[in-house]
Structure formats: structure tokens, C-alpha cells
$ cat model_21.cif   # mmCIF, N, CA and C atoms
data_upload
#
loop_
_atom_site.label_atom_id
_atom_site.label_comp_id
_atom_site.auth_asym_id
_atom_site.auth_seq_id
_atom_site.Cartn_x
_atom_site.Cartn_y
_atom_site.Cartn_z
N MET A 9 -143.84 -80.97 -85.23
CA MET A 9 -142.76 -81.80 -84.69
C MET A 9 -142.75 -81.62 -83.17
N PRO A 10 -142.82 -82.71 -82.41
CA PRO A 10 -142.78 -82.59 -80.95
C PRO A 10 -141.50 -81.90 -80.49
N MET A 11 -141.59 -81.16 -79.36
CA MET A 11 -140.47 -80.38 -78.87
C MET A 11 -139.23 -81.23 -78.63
N LEU A 12 -139.38 -82.40 -78.05
CA LEU A 12 -138.22 -83.26 -77.76
C LEU A 12 -137.52 -83.66 -79.06
N THR A 13 -138.28 -84.02 -80.07
CA THR A 13 -137.70 -84.39 -81.35
C THR A 13 -137.00 -83.20 -82.00
N LYS A 14 -137.63 -82.03 -81.92
CA LYS A 14 -137.03 -80.82 -82.49
C LYS A 14 -135.71 -80.52 -81.78
N ASN A 15 -135.70 -80.59 -80.44
CA ASN A 15 -134.48 -80.30 -79.70
C ASN A 15 -133.39 -81.33 -79.99
N ARG A 16 -133.75 -82.56 -80.17
CA ARG A 16 -132.77 -83.60 -80.49
C ARG A 16 -132.16 -83.35 -81.87
N ALA A 17 -133.00 -82.93 -82.82
CA ALA A 17 -132.50 -82.62 -84.16
C ALA A 17 -131.56 -81.42 -84.11
N ILE A 18 -131.93 -80.42 -83.32
CA ILE A 18 -131.06 -79.25 -83.17
C ILE A 18 -129.75 -79.66 -82.52
N GLU A 19 -129.83 -80.45 -81.47
CA GLU A 19 -128.61 -80.91 -80.78
C GLU A 19 -127.68 -81.65 -81.74
N LYS A 20 -128.23 -82.55 -82.54
CA LYS A 20 -127.40 -83.30 -83.49
C LYS A 20 -126.74 -82.38 -84.51
N GLU A 21 -127.47 -81.39 -85.01
CA GLU A 21 -126.93 -80.49 -86.01
C GLU A 21 -125.88 -79.56 -85.40
N VAL A 22 -126.12 -79.05 -84.20
CA VAL A 22 -125.14 -78.20 -83.52
C VAL A 22 -123.86 -78.99 -83.28
N ILE A 23 -123.97 -80.20 -82.80
CA ILE A 23 -122.80 -81.05 -82.55
C ILE A 23 -122.07 -81.35 -83.86
N ARG A 24 -122.82 -81.58 -84.93
CA ARG A 24 -122.19 -81.84 -86.23
C ARG A 24 -121.35 -80.64 -86.66
N ILE A 25 -121.90 -79.44 -86.51
CA ILE A 25 -121.19 -78.22 -86.91
C ILE A 25 -119.95 -78.01 -86.05
N ILE A 26 -120.08 -78.19 -84.75
CA ILE A 26 -118.92 -78.02 -83.86
C ILE A 26 -117.86 -79.06 -84.16
N SER A 27 -118.26 -80.31 -84.35
CA SER A 27 -117.28 -81.38 -84.60
C SER A 27 -116.53 -81.17 -85.91
N LYS A 28 -117.21 -80.60 -86.89
CA LYS A 28 -116.60 -80.34 -88.19
C LYS A 28 -115.50 -79.27 -88.08
N THR A 29 -115.66 -78.32 -87.17
CA THR A 29 -114.71 -77.22 -87.03
C THR A 29 -113.31 -77.71 -86.66
N LYS A 30 -113.22 -78.67 -85.75
CA LYS A 30 -111.91 -79.16 -85.30
C LYS A 30 -111.72 -80.65 -85.57
N GLU A 31 -112.61 -81.22 -86.40
CA GLU A 31 -112.55 -82.64 -86.70
C GLU A 31 -112.51 -83.49 -85.44
N ILE A 32 -113.46 -83.22 -84.55
CA ILE A 32 -113.62 -83.96 -83.30
C ILE A 32 -114.79 -84.92 -83.49
N ARG A 33 -114.63 -86.16 -83.05
CA ARG A 33 -115.74 -87.11 -83.15
C ARG A 33 -116.96 -86.57 -82.40
N PRO A 34 -118.13 -86.56 -83.03
CA PRO A 34 -119.33 -86.03 -82.39
C PRO A 34 -119.61 -86.64 -81.02
N GLY A 35 -119.28 -87.90 -80.82
CA GLY A 35 -119.52 -88.57 -79.55
C GLY A 35 -118.75 -87.97 -78.38
N ARG A 36 -117.69 -87.26 -78.67
CA ARG A 36 -116.89 -86.62 -77.61
C ARG A 36 -117.48 -85.29 -77.16
N LEU A 37 -118.42 -84.75 -77.90
CA LEU A 37 -118.94 -83.41 -77.63
C LEU A 37 -120.18 -83.46 -76.74
N GLN A 38 -119.99 -83.78 -75.48
CA GLN A 38 -121.11 -83.75 -74.53
C GLN A 38 -121.41 -82.32 -74.13
N ALA A 39 -122.64 -82.09 -73.66
CA ALA A 39 -123.13 -80.75 -73.36
C ALA A 39 -122.26 -80.00 -72.35
N ASP A 40 -121.65 -80.71 -71.40
CA ASP A 40 -120.88 -80.02 -70.36
C ASP A 40 -119.43 -79.74 -70.76
N LYS A 41 -119.01 -80.18 -71.93
CA LYS A 41 -117.63 -79.98 -72.36
C LYS A 41 -117.38 -78.53 -72.75
N ARG A 42 -116.28 -77.99 -72.27
CA ARG A 42 -115.90 -76.61 -72.56
C ARG A 42 -115.05 -76.57 -73.83
N LEU A 43 -115.45 -75.72 -74.76
CA LEU A 43 -114.78 -75.69 -76.05
C LEU A 43 -113.32 -75.25 -75.95
N PHE A 44 -113.05 -74.24 -75.14
CA PHE A 44 -111.68 -73.73 -75.05
C PHE A 44 -110.79 -74.68 -74.23
N GLN A 45 -111.23 -75.02 -73.01
CA GLN A 45 -110.40 -75.82 -72.12
C GLN A 45 -110.32 -77.29 -72.54
N ASP A 46 -111.44 -77.90 -72.90
CA ASP A 46 -111.45 -79.34 -73.18
C ASP A 46 -110.98 -79.69 -74.59
N PHE A 47 -111.16 -78.78 -75.54
CA PHE A 47 -110.87 -79.12 -76.94
C PHE A 47 -109.88 -78.18 -77.62
N GLY A 48 -109.43 -77.14 -76.95
CA GLY A 48 -108.44 -76.25 -77.53
C GLY A 48 -108.97 -75.33 -78.62
N PHE A 49 -110.26 -75.05 -78.60
CA PHE A 49 -110.81 -74.11 -79.57
C PHE A 49 -110.27 -72.72 -79.28
N ASP A 50 -110.16 -71.89 -80.31
CA ASP A 50 -109.77 -70.50 -80.11
C ASP A 50 -110.90 -69.60 -80.61
N THR A 51 -110.68 -68.30 -80.53
CA THR A 51 -111.71 -67.33 -80.91
C THR A 51 -112.13 -67.48 -82.36
N VAL A 52 -111.19 -67.75 -83.25
CA VAL A 52 -111.52 -67.93 -84.67
C VAL A 52 -112.43 -69.14 -84.85
N ASP A 53 -112.14 -70.23 -84.15
CA ASP A 53 -113.00 -71.42 -84.21
C ASP A 53 -114.42 -71.07 -83.75
N LEU A 54 -114.50 -70.32 -82.65
CA LEU A 54 -115.80 -69.93 -82.11
C LEU A 54 -116.58 -69.10 -83.12
N VAL A 55 -115.92 -68.16 -83.77
CA VAL A 55 -116.58 -67.32 -84.78
C VAL A 55 -117.05 -68.19 -85.95
N ASP A 56 -116.22 -69.14 -86.38
CA ASP A 56 -116.63 -70.05 -87.47
C ASP A 56 -117.89 -70.83 -87.10
N ILE A 57 -117.94 -71.33 -85.86
CA ILE A 57 -119.11 -72.08 -85.40
C ILE A 57 -120.34 -71.17 -85.38
N ILE A 58 -120.18 -69.98 -84.84
CA ILE A 58 -121.31 -69.04 -84.75
C ILE A 58 -121.84 -68.70 -86.14
N LEU A 59 -120.95 -68.40 -87.07
CA LEU A 59 -121.38 -68.06 -88.44
C LEU A 59 -122.13 -69.22 -89.09
N GLU A 60 -121.62 -70.42 -88.89
CA GLU A 60 -122.28 -71.60 -89.48
C GLU A 60 -123.65 -71.84 -88.84
N LEU A 61 -123.74 -71.68 -87.52
CA LEU A 61 -125.03 -71.86 -86.84
C LEU A 61 -126.02 -70.79 -87.28
N GLU A 62 -125.56 -69.56 -87.39
CA GLU A 62 -126.45 -68.48 -87.84
C GLU A 62 -126.98 -68.76 -89.23
N LYS A 63 -126.12 -69.25 -90.10
CA LYS A 63 -126.54 -69.56 -91.48
C LYS A 63 -127.51 -70.74 -91.50
N ASN A 64 -127.16 -71.79 -90.79
CA ASN A 64 -127.97 -73.02 -90.79
C ASN A 64 -129.35 -72.83 -90.18
N PHE A 65 -129.42 -72.07 -89.08
CA PHE A 65 -130.67 -71.95 -88.33
C PHE A 65 -131.37 -70.61 -88.52
N SER A 66 -130.82 -69.74 -89.37
CA SER A 66 -131.41 -68.41 -89.61
C SER A 66 -131.64 -67.65 -88.31
N ILE A 67 -130.60 -67.61 -87.49
CA ILE A 67 -130.65 -66.87 -86.23
C ILE A 67 -129.45 -65.93 -86.16
N THR A 68 -129.45 -65.07 -85.15
CA THR A 68 -128.31 -64.20 -84.87
C THR A 68 -127.84 -64.50 -83.46
N ILE A 69 -126.55 -64.70 -83.29
CA ILE A 69 -125.98 -64.93 -81.97
C ILE A 69 -125.13 -63.70 -81.65
N PRO A 70 -125.62 -62.81 -80.77
CA PRO A 70 -124.88 -61.59 -80.45
C PRO A 70 -123.55 -61.90 -79.75
N ASP A 71 -122.60 -60.99 -79.90
CA ASP A 71 -121.28 -61.15 -79.29
C ASP A 71 -121.34 -61.31 -77.77
N GLU A 72 -122.31 -60.66 -77.14
CA GLU A 72 -122.36 -60.66 -75.68
C GLU A 72 -122.97 -61.92 -75.07
N VAL A 73 -123.44 -62.85 -75.90
CA VAL A 73 -124.01 -64.10 -75.38
C VAL A 73 -122.87 -64.95 -74.82
N PRO A 74 -122.96 -65.32 -73.53
CA PRO A 74 -121.89 -66.13 -72.93
C PRO A 74 -121.98 -67.59 -73.38
N ILE A 75 -121.07 -67.98 -74.24
CA ILE A 75 -121.04 -69.35 -74.74
C ILE A 75 -119.69 -69.95 -74.41
N ASP A 76 -119.71 -71.01 -73.58
CA ASP A 76 -118.48 -71.64 -73.14
C ASP A 76 -118.49 -73.15 -73.41
N THR A 77 -119.68 -73.73 -73.38
CA THR A 77 -119.78 -75.19 -73.53
C THR A 77 -120.59 -75.57 -74.76
N VAL A 78 -120.51 -76.83 -75.11
CA VAL A 78 -121.33 -77.38 -76.19
C VAL A 78 -122.80 -77.16 -75.87
N GLY A 79 -123.17 -77.39 -74.63
CA GLY A 79 -124.56 -77.20 -74.20
C GLY A 79 -125.04 -75.77 -74.33
N ASP A 80 -124.14 -74.80 -74.12
CA ASP A 80 -124.52 -73.39 -74.30
C ASP A 80 -124.98 -73.13 -75.73
N PHE A 81 -124.25 -73.69 -76.69
CA PHE A 81 -124.65 -73.54 -78.10
C PHE A 81 -125.99 -74.21 -78.36
N ILE A 82 -126.14 -75.44 -77.88
CA ILE A 82 -127.39 -76.19 -78.10
C ILE A 82 -128.57 -75.43 -77.50
N ASP A 83 -128.41 -74.97 -76.25
CA ASP A 83 -129.51 -74.26 -75.58
C ASP A 83 -129.87 -72.97 -76.31
N TYR A 84 -128.87 -72.20 -76.71
CA TYR A 84 -129.15 -70.93 -77.38
C TYR A 84 -129.88 -71.17 -78.70
N VAL A 85 -129.39 -72.11 -79.49
CA VAL A 85 -130.02 -72.38 -80.78
C VAL A 85 -131.45 -72.90 -80.58
N ALA A 86 -131.64 -73.81 -79.62
CA ALA A 86 -132.98 -74.36 -79.38
C ALA A 86 -133.96 -73.27 -78.94
N MET A 87 -133.49 -72.32 -78.13
CA MET A 87 -134.39 -71.26 -77.64
C MET A 87 -134.70 -70.22 -78.70
N HIS A 88 -133.84 -70.09 -79.70
CA HIS A 88 -134.02 -69.00 -80.68
C HIS A 88 -134.38 -69.48 -82.08
N THR A 89 -134.60 -70.75 -82.23
CA THR A 89 -134.99 -71.29 -83.53
C THR A 89 -136.50 -71.36 -83.61
N ILE A 90 -137.05 -70.80 -84.68
CA ILE A 90 -138.49 -70.85 -84.89
C ILE A 90 -138.80 -72.16 -85.60
N PRO A 91 -139.73 -72.94 -85.04
CA PRO A 91 -140.07 -74.22 -85.69
C PRO A 91 -140.60 -73.98 -87.09
N LYS A 92 -140.16 -74.83 -88.01
CA LYS A 92 -140.66 -74.75 -89.38
C LYS A 92 -142.05 -75.33 -89.44
N SER A 93 -142.95 -74.65 -90.15
CA SER A 93 -144.30 -75.18 -90.26
C SER A 93 -144.29 -76.40 -91.17
N GLU A 94 -145.15 -77.33 -90.82
CA GLU A 94 -145.14 -78.60 -91.58
C GLU A 94 -146.16 -78.58 -92.67
#
$ encode --input "model_21.cif" --output "C-alpha cells"
Amino acid sequence: MPMLTKNRAIEKEVIRIISKTKEIRPGRLQADKRLFQDFGFDTVDLVDIILELEKNFSITIPDEVPIDTVGDFIDYVAMHTIPKSE
């Protein structure tokens, strides 16, 4: 799978998971949007998103990773996801 297609698929899935947490339309979740300030997410919401992403992508997101925006989640998942062999 070409890198751009893989990253787009990851982006769509990350946005789907985030939007499901607070029932926010996926179209509102641009990469530069801050989860706490722009959407009112709290720590419990963040933990729910992290757990779902870890389960979905078979990765671990350590507590010390600075995640503030939608793009931070997308970038972290894209950098730490091993491509599935075809």
C-alpha cells in the first residue's frame, strides 16, 4: 500500500475514533484542532481515545507523549503503525 494511501486510511480511522468519543462530526476534526480547547474533551475522553487507538492499531501510546491536537494523534499513529503485509 503506498505511503500516502496508508496515511490517509490511518487519518480517517483516527478521526472516526475521535469523533465517536464526543459525537463530533468527522468533518470538524481538522489536524490543527485542539481537543481540550476546541472541543471540550477531558482527560477521561483522552484515555478512551488512546485505548481505542492502541487496540485498533496494535500500538502503545505512552503517557508522556504530548498529544494536544487531532494531528498529534494522526502523526503518532502513522509513525508507529507497522504496515500490514499484503
$ closest_residue --input "model_21.cif" --among "A:Lys63, A:Ile58, A:Gly35, A:Asp50" --to "A:Ile82" --atoms "only C-alpha atoms"
A:Ile58
$ closest_residue --input "model_21.cif" --among "A:Ile26, A:Ala17, A:Leu37, A:Val55" --to "A:Gly79" --atoms "only N, CA and C atoms"
A:Leu37
$ select_by_dssp --input "model_21.cif" --residues "chain A" --states "helix (DSSP H, G or I)" --output "PDB file with N, CA and C atoms, in the frame of the given file"
ATOM      1  N   MET A  11    -141.590 -81.160 -79.360  1.00  0.00           N
ATOM      2  CA  MET A  11    -140.470 -80.380 -78.870  1.00  0.00           C
ATOM      3  C   MET A  11    -139.230 -81.230 -78.630  1.00  0.00           C
ATOM      4  N   LEU A  12    -139.380 -82.400 -78.050  1.00  0.00           N
ATOM      5  CA  LEU A  12    -138.220 -83.260 -77.760  1.00  0.00           C
ATOM      6  C   LEU A  12    -137.520 -83.660 -79.060  1.00  0.00           C
ATOM      7  N   THR A  13    -138.280 -84.020 -80.070  1.00  0.00           N
ATOM      8  CA  THR A  13    -137.700 -84.390 -81.350  1.00  0.00           C
ATOM      9  C   THR A  13    -137.000 -83.200 -82.000  1.00  0.00           C
ATOM     10  N   LYS A  14    -137.630 -82.030 -81.920  1.00  0.00           N
ATOM     11  CA  LYS A  14    -137.030 -80.820 -82.490  1.00  0.00           C
ATOM     12  C   LYS A  14    -135.710 -80.520 -81.780  1.00  0.00           C
ATOM     13  N   ASN A  15    -135.700 -80.590 -80.440  1.00  0.00           N
ATOM     14  CA  ASN A  15    -134.480 -80.300 -79.700  1.00  0.00           C
ATOM     15  C   ASN A  15    -133.390 -81.330 -79.990  1.00  0.00           C
ATOM     16  N   ARG A  16    -133.750 -82.560 -80.170  1.00  0.00           N
ATOM     17  CA  ARG A  16    -132.770 -83.600 -80.490  1.00  0.00           C
ATOM     18  C   ARG A  16    -132.160 -83.350 -81.870  1.00  0.00           C
ATOM     19  N   ALA A  17    -133.000 -82.930 -82.820  1.00  0.00           N
ATOM     20  CA  ALA A  17    -132.500 -82.620 -84.160  1.00  0.00           C
ATOM     21  C   ALA A  17    -131.560 -81.420 -84.110  1.00  0.00           C
ATOM     22  N   ILE A  18    -131.930 -80.420 -83.320  1.00  0.00           N
ATOM     23  CA  ILE A  18    -131.060 -79.250 -83.170  1.00  0.00           C
ATOM     24  C   ILE A  18    -129.750 -79.660 -82.520  1.00  0.00           C
ATOM     25  N   GLU A  19    -129.830 -80.450 -81.470  1.00  0.00           N
ATOM     26  CA  GLU A  19    -128.610 -80.910 -80.780  1.00  0.00           C
ATOM     27  C   GLU A  19    -127.680 -81.650 -81.740  1.00  0.00           C
ATOM     28  N   LYS A  20    -128.230 -82.550 -82.540  1.00  0.00           N
ATOM     29  CA  LYS A  20    -127.400 -83.300 -83.490  1.00  0.00           C
ATOM     30  C   LYS A  20    -126.740 -82.380 -84.510  1.00  0.00           C
ATOM     31  N   GLU A  21    -127.470 -81.390 -85.010  1.00  0.00           N
ATOM     32  CA  GLU A  21    -126.930 -80.490 -86.010  1.00  0.00           C
ATOM     33  C   GLU A  21    -125.880 -79.560 -85.400  1.00  0.00           C
ATOM     34  N   VAL A  22    -126.120 -79.050 -84.200  1.00  0.00           N
ATOM     35  CA  VAL A  22    -125.140 -78.200 -83.520  1.00  0.00           C
ATOM     36  C   VAL A  22    -123.860 -78.990 -83.280  1.00  0.00           C
ATOM     37  N   ILE A  23    -123.970 -80.200 -82.800  1.00  0.00           N
ATOM     38  CA  ILE A  23    -122.800 -81.050 -82.550  1.00  0.00           C
ATOM     39  C   ILE A  23    -122.070 -81.350 -83.860  1.00  0.00           C
ATOM     40  N   ARG A  24    -122.820 -81.580 -84.930  1.00  0.00           N
ATOM     41  CA  ARG A  24    -122.190 -81.840 -86.230  1.00  0.00           C
ATOM     42  C   ARG A  24    -121.350 -80.640 -86.660  1.00  0.00           C
ATOM     43  N   ILE A  25    -121.900 -79.440 -86.510  1.00  0.00           N
ATOM     44  CA  ILE A  25    -121.190 -78.220 -86.910  1.00  0.00           C
ATOM     45  C   ILE A  25    -119.950 -78.010 -86.050  1.00  0.00           C
ATOM     46  N   ILE A  26    -120.080 -78.190 -84.750  1.00  0.00           N
ATOM     47  CA  ILE A  26    -118.920 -78.020 -83.860  1.00  0.00           C
ATOM     48  C   ILE A  26    -117.860 -79.060 -84.160  1.00  0.00           C
ATOM     49  N   SER A  27    -118.260 -80.310 -84.350  1.00  0.00           N
ATOM     50  CA  SER A  27    -117.280 -81.380 -84.600  1.00  0.00           C
ATOM     51  C   SER A  27    -116.530 -81.170 -85.910  1.00  0.00           C
ATOM     52  N   LYS A  28    -117.210 -80.600 -86.890  1.00  0.00           N
ATOM     53  CA  LYS A  28    -116.600 -80.340 -88.190  1.00  0.00           C
ATOM     54  C   LYS A  28    -115.500 -79.270 -88.080  1.00  0.00           C
ATOM     55  N   THR A  29    -115.660 -78.320 -87.170  1.00  0.00           N
ATOM     56  CA  THR A  29    -114.710 -77.220 -87.030  1.00  0.00           C
ATOM     57  C   THR A  29    -113.310 -77.710 -86.660  1.00  0.00           C
ATOM     58  N   LYS A  30    -113.220 -78.670 -85.750  1.00  0.00           N
ATOM     59  CA  LYS A  30    -111.910 -79.160 -85.300  1.00  0.00           C
ATOM     60  C   LYS A  30    -111.720 -80.650 -85.570  1.00  0.00           C
ATOM     61  N   PRO A  34    -118.130 -86.560 -83.030  1.00  0.00           N
ATOM     62  CA  PRO A  34    -119.330 -86.030 -82.390  1.00  0.00           C
ATOM     63  C   PRO A  34    -119.610 -86.640 -81.020  1.00  0.00           C
ATOM     64  N   GLY A  35    -119.280 -87.900 -80.820  1.00  0.00           N
ATOM     65  CA  GLY A  35    -119.520 -88.570 -79.550  1.00  0.00           C
ATOM     66  C   GLY A  35    -118.750 -87.970 -78.380  1.00  0.00           C
ATOM     67  N   ARG A  36    -117.690 -87.260 -78.670  1.00  0.00           N
ATOM     68  CA  ARG A  36    -116.890 -86.620 -77.610  1.00  0.00           C
ATOM     69  C   ARG A  36    -117.480 -85.290 -77.160  1.00  0.00           C
ATOM     70  N   LEU A  43    -115.450 -75.720 -74.760  1.00  0.00           N
ATOM     71  CA  LEU A  43    -114.780 -75.690 -76.050  1.00  0.00           C
ATOM     72  C   LEU A  43    -113.320 -75.250 -75.950  1.00  0.00           C
ATOM     73  N   PHE A  44    -113.050 -74.240 -75.140  1.00  0.00           N
ATOM     74  CA  PHE A  44    -111.680 -73.730 -75.050  1.00  0.00           C
ATOM     75  C   PHE A  44    -110.790 -74.680 -74.230  1.00  0.00           C
ATOM     76  N   GLN A  45    -111.230 -75.020 -73.010  1.00  0.00           N
ATOM     77  CA  GLN A  45    -110.400 -75.820 -72.120  1.00  0.00           C
ATOM     78  C   GLN A  45    -110.320 -77.290 -72.540  1.00  0.00           C
ATOM     79  N   ASP A  46    -111.440 -77.900 -72.900  1.00  0.00           N
ATOM     80  CA  ASP A  46    -111.450 -79.340 -73.180  1.00  0.00           C
ATOM     81  C   ASP A  46    -110.980 -79.690 -74.590  1.00  0.00           C
ATOM     82  N   PHE A  47    -111.160 -78.780 -75.540  1.00  0.00           N
ATOM     83  CA  PHE A  47    -110.870 -79.120 -76.940  1.00  0.00           C
ATOM     84  C   PHE A  47    -109.880 -78.180 -77.620  1.00  0.00           C
ATOM     85  N   THR A  51    -110.680 -68.300 -80.530  1.00  0.00           N
ATOM     86  CA  THR A  51    -111.710 -67.330 -80.910  1.00  0.00           C
ATOM     87  C   THR A  51    -112.130 -67.480 -82.360  1.00  0.00           C
ATOM     88  N   VAL A  52    -111.190 -67.750 -83.250  1.00  0.00           N
ATOM     89  CA  VAL A  52    -111.520 -67.930 -84.670  1.00  0.00           C
ATOM     90  C   VAL A  52    -112.430 -69.140 -84.850  1.00  0.00           C
ATOM     91  N   ASP A  53    -112.140 -70.230 -84.150  1.00  0.00           N
ATOM     92  CA  ASP A  53    -113.000 -71.420 -84.210  1.00  0.00           C
ATOM     93  C   ASP A  53    -114.420 -71.070 -83.750  1.00  0.00           C
ATOM     94  N   LEU A  54    -114.500 -70.320 -82.650  1.00  0.00           N
ATOM     95  CA  LEU A  54    -115.800 -69.930 -82.110  1.00  0.00           C
ATOM     96  C   LEU A  54    -116.580 -69.100 -83.120  1.00  0.00           C
ATOM     97  N   VAL A  55    -115.920 -68.160 -83.770  1.00  0.00           N
ATOM     98  CA  VAL A  55    -116.580 -67.320 -84.780  1.00  0.00           C
ATOM     99  C   VAL A  55    -117.050 -68.190 -85.950  1.00  0.00           C
ATOM    100  N   ASP A  56    -116.220 -69.140 -86.380  1.00  0.00           N
ATOM    101  CA  ASP A  56    -116.630 -70.050 -87.470  1.00  0.00           C
ATOM    102  C   ASP A  56    -117.890 -70.830 -87.100  1.00  0.00           C
ATOM    103  N   ILE A  57    -117.940 -71.330 -85.860  1.00  0.00           N
ATOM    104  CA  ILE A  57    -119.110 -72.080 -85.400  1.00  0.00           C
ATOM    105  C   ILE A  57    -120.340 -71.170 -85.380  1.00  0.00           C
ATOM    106  N   ILE A  58    -120.180 -69.980 -84.840  1.00  0.00           N
ATOM    107  CA  ILE A  58    -121.310 -69.040 -84.750  1.00  0.00           C
ATOM    108  C   ILE A  58    -121.840 -68.700 -86.140  1.00  0.00           C
ATOM    109  N   LEU A  59    -120.950 -68.400 -87.070  1.00  0.00           N
ATOM    110  CA  LEU A  59    -121.380 -68.060 -88.440  1.00  0.00           C
ATOM    111  C   LEU A  59    -122.130 -69.220 -89.090  1.00  0.00           C
ATOM    112  N   GLU A  60    -121.620 -70.420 -88.890  1.00  0.00           N
ATOM    113  CA  GLU A  60    -122.280 -71.600 -89.480  1.00  0.00           C
ATOM    114  C   GLU A  60    -123.650 -71.840 -88.840  1.00  0.00           C
ATOM    115  N   LEU A  61    -123.740 -71.680 -87.520  1.00  0.00           N
ATOM    116  CA  LEU A  61    -125.030 -71.860 -86.840  1.00  0.00           C
ATOM    117  C   LEU A  61    -126.020 -70.790 -87.280  1.00  0.00           C
ATOM    118  N   GLU A  62    -125.560 -69.560 -87.390  1.00  0.00           N
ATOM    119  CA  GLU A  62    -126.450 -68.480 -87.840  1.00  0.00           C
ATOM    120  C   GLU A  62    -126.980 -68.760 -89.230  1.00  0.00           C
ATOM    121  N   LYS A  63    -126.120 -69.250 -90.100  1.00  0.00           N
ATOM    122  CA  LYS A  63    -126.540 -69.560 -91.480  1.00  0.00           C
ATOM    123  C   LYS A  63    -127.510 -70.740 -91.500  1.00  0.00           C
ATOM    124  N   ASN A  64    -127.160 -71.790 -90.790  1.00  0.00           N
ATOM    125  CA  ASN A  64    -127.970 -73.020 -90.790  1.00  0.00           C
ATOM    126  C   ASN A  64    -129.350 -72.830 -90.180  1.00  0.00           C
ATOM    127  N   PHE A  65    -129.420 -72.070 -89.080  1.00  0.00           N
ATOM    128  CA  PHE A  65    -130.670 -71.950 -88.330  1.00  0.00           C
ATOM    129  C   PHE A  65    -131.370 -70.610 -88.520  1.00  0.00           C
ATOM    130  N   VAL A  78    -120.510 -76.830 -75.110  1.00  0.00           N
ATOM    131  CA  VAL A  78    -121.330 -77.380 -76.190  1.00  0.00           C
ATOM    132  C   VAL A  78    -122.800 -77.160 -75.870  1.00  0.00           C
ATOM    133  N   GLY A  79    -123.170 -77.390 -74.630  1.00  0.00           N
ATOM    134  CA  GLY A  79    -124.560 -77.200 -74.200  1.00  0.00           C
ATOM    135  C   GLY A  79    -125.040 -75.770 -74.330  1.00  0.00           C
ATOM    136  N   ASP A  80    -124.140 -74.800 -74.120  1.00  0.00           N
ATOM    137  CA  ASP A  80    -124.520 -73.390 -74.300  1.00  0.00           C
ATOM    138  C   ASP A  80    -124.980 -73.130 -75.730  1.00  0.00           C
ATOM    139  N   PHE A  81    -124.250 -73.690 -76.690  1.00  0.00           N
ATOM    140  CA  PHE A  81    -124.650 -73.540 -78.100  1.00  0.00           C
ATOM    141  C   PHE A  81    -125.990 -74.210 -78.360  1.00  0.00           C
ATOM    142  N   ILE A  82    -126.140 -75.440 -77.880  1.00  0.00           N
ATOM    143  CA  ILE A  82    -127.390 -76.190 -78.100  1.00  0.00           C
ATOM    144  C   ILE A  82    -128.570 -75.430 -77.500  1.00  0.00           C
ATOM    145  N   ASP A  83    -128.410 -74.970 -76.250  1.00  0.00           N
ATOM    146  CA  ASP A  83    -129.510 -74.260 -75.580  1.00  0.00           C
ATOM    147  C   ASP A  83    -129.870 -72.970 -76.310  1.00  0.00           C
ATOM    148  N   TYR A  84    -128.870 -72.200 -76.710  1.00  0.00           N
ATOM    149  CA  TYR A  84    -129.150 -70.930 -77.380  1.00  0.00           C
ATOM    150  C   TYR A  84    -129.880 -71.170 -78.700  1.00  0.00           C
ATOM    151  N   VAL A  85    -129.390 -72.110 -79.490  1.00  0.00           N
ATOM    152  CA  VAL A  85    -130.020 -72.380 -80.780  1.00  0.00           C
ATOM    153  C   VAL A  85    -131.450 -72.900 -80.580  1.00  0.00           C
ATOM    154  N   ALA A  86    -131.640 -73.810 -79.620  1.00  0.00           N
ATOM    155  CA  ALA A  86    -132.980 -74.360 -79.380  1.00  0.00           C
ATOM    156  C   ALA A  86    -133.960 -73.270 -78.940  1.00  0.00           C
ATOM    157  N   MET A  87    -133.490 -72.320 -78.130  1.00  0.00           N
ATOM    158  CA  MET A  87    -134.390 -71.260 -77.640  1.00  0.00           C
ATOM    159  C   MET A  87    -134.700 -70.220 -78.700  1.00  0.00           C
ATOM    160  N   HIS A  88    -133.840 -70.090 -79.700  1.00  0.00           N
ATOM    161  CA  HIS A  88    -134.020 -69.000 -80.680  1.00  0.00           C
ATOM    162  C   HIS A  88    -134.380 -69.480 -82.080  1.00  0.00           C
TER     163      HIS A  88
END
$ atom_distance --input "model_21.cif" --atom1 "atom CA of A:Thr77" --atom2 "atom CA of A:Leu43"
5.6 Å
$ resolve_selection --input "model_21.cif" --expression "the PyMOL selection byres (((chain A and resi 64 and name CA) around 12) and name CA)" --output "PyMOL selection string"
chain A and resi 18+21-22+24-25+57-63+65-68+85+89
$ atom_distance --input "model_21.cif" --atom1 "atom C of A:Pro74" --atom2 "atom C of A:Ala86"
14.4 Å
$ atom_distance --input "model_21.cif" --atom1 "atom N of A:Arg16" --atom2 "atom C of A:Ile90"
12.8 Å
$ residues_around --input "model_21.cif" --residues "A:Asp76" --least-positions-apart "4" --cutoff "6.5 Å" --atoms "only N, CA and C atoms" --output "list in words"
Lys41, Arg42, Leu43, Phe44, Asp80 and Phe81 of chain A
$ closest_residue --input "model_21.cif" --among "A:His88, A:Asp83, A:Arg36, A:Glu31" --to "A:Glu19" --atoms "all atoms listed in the file"
A:Asp83
$ axis_aligned_box --input "model_21.cif" --around "stretch 62-76 of chain A" --padding-each-side "3 Å" --output "JSON"
{"center_x": -125.1, "center_y": -66.9, "center_z": -82.2, "size_x": 19.2, "size_y": 18.5, "size_z": 24.6}
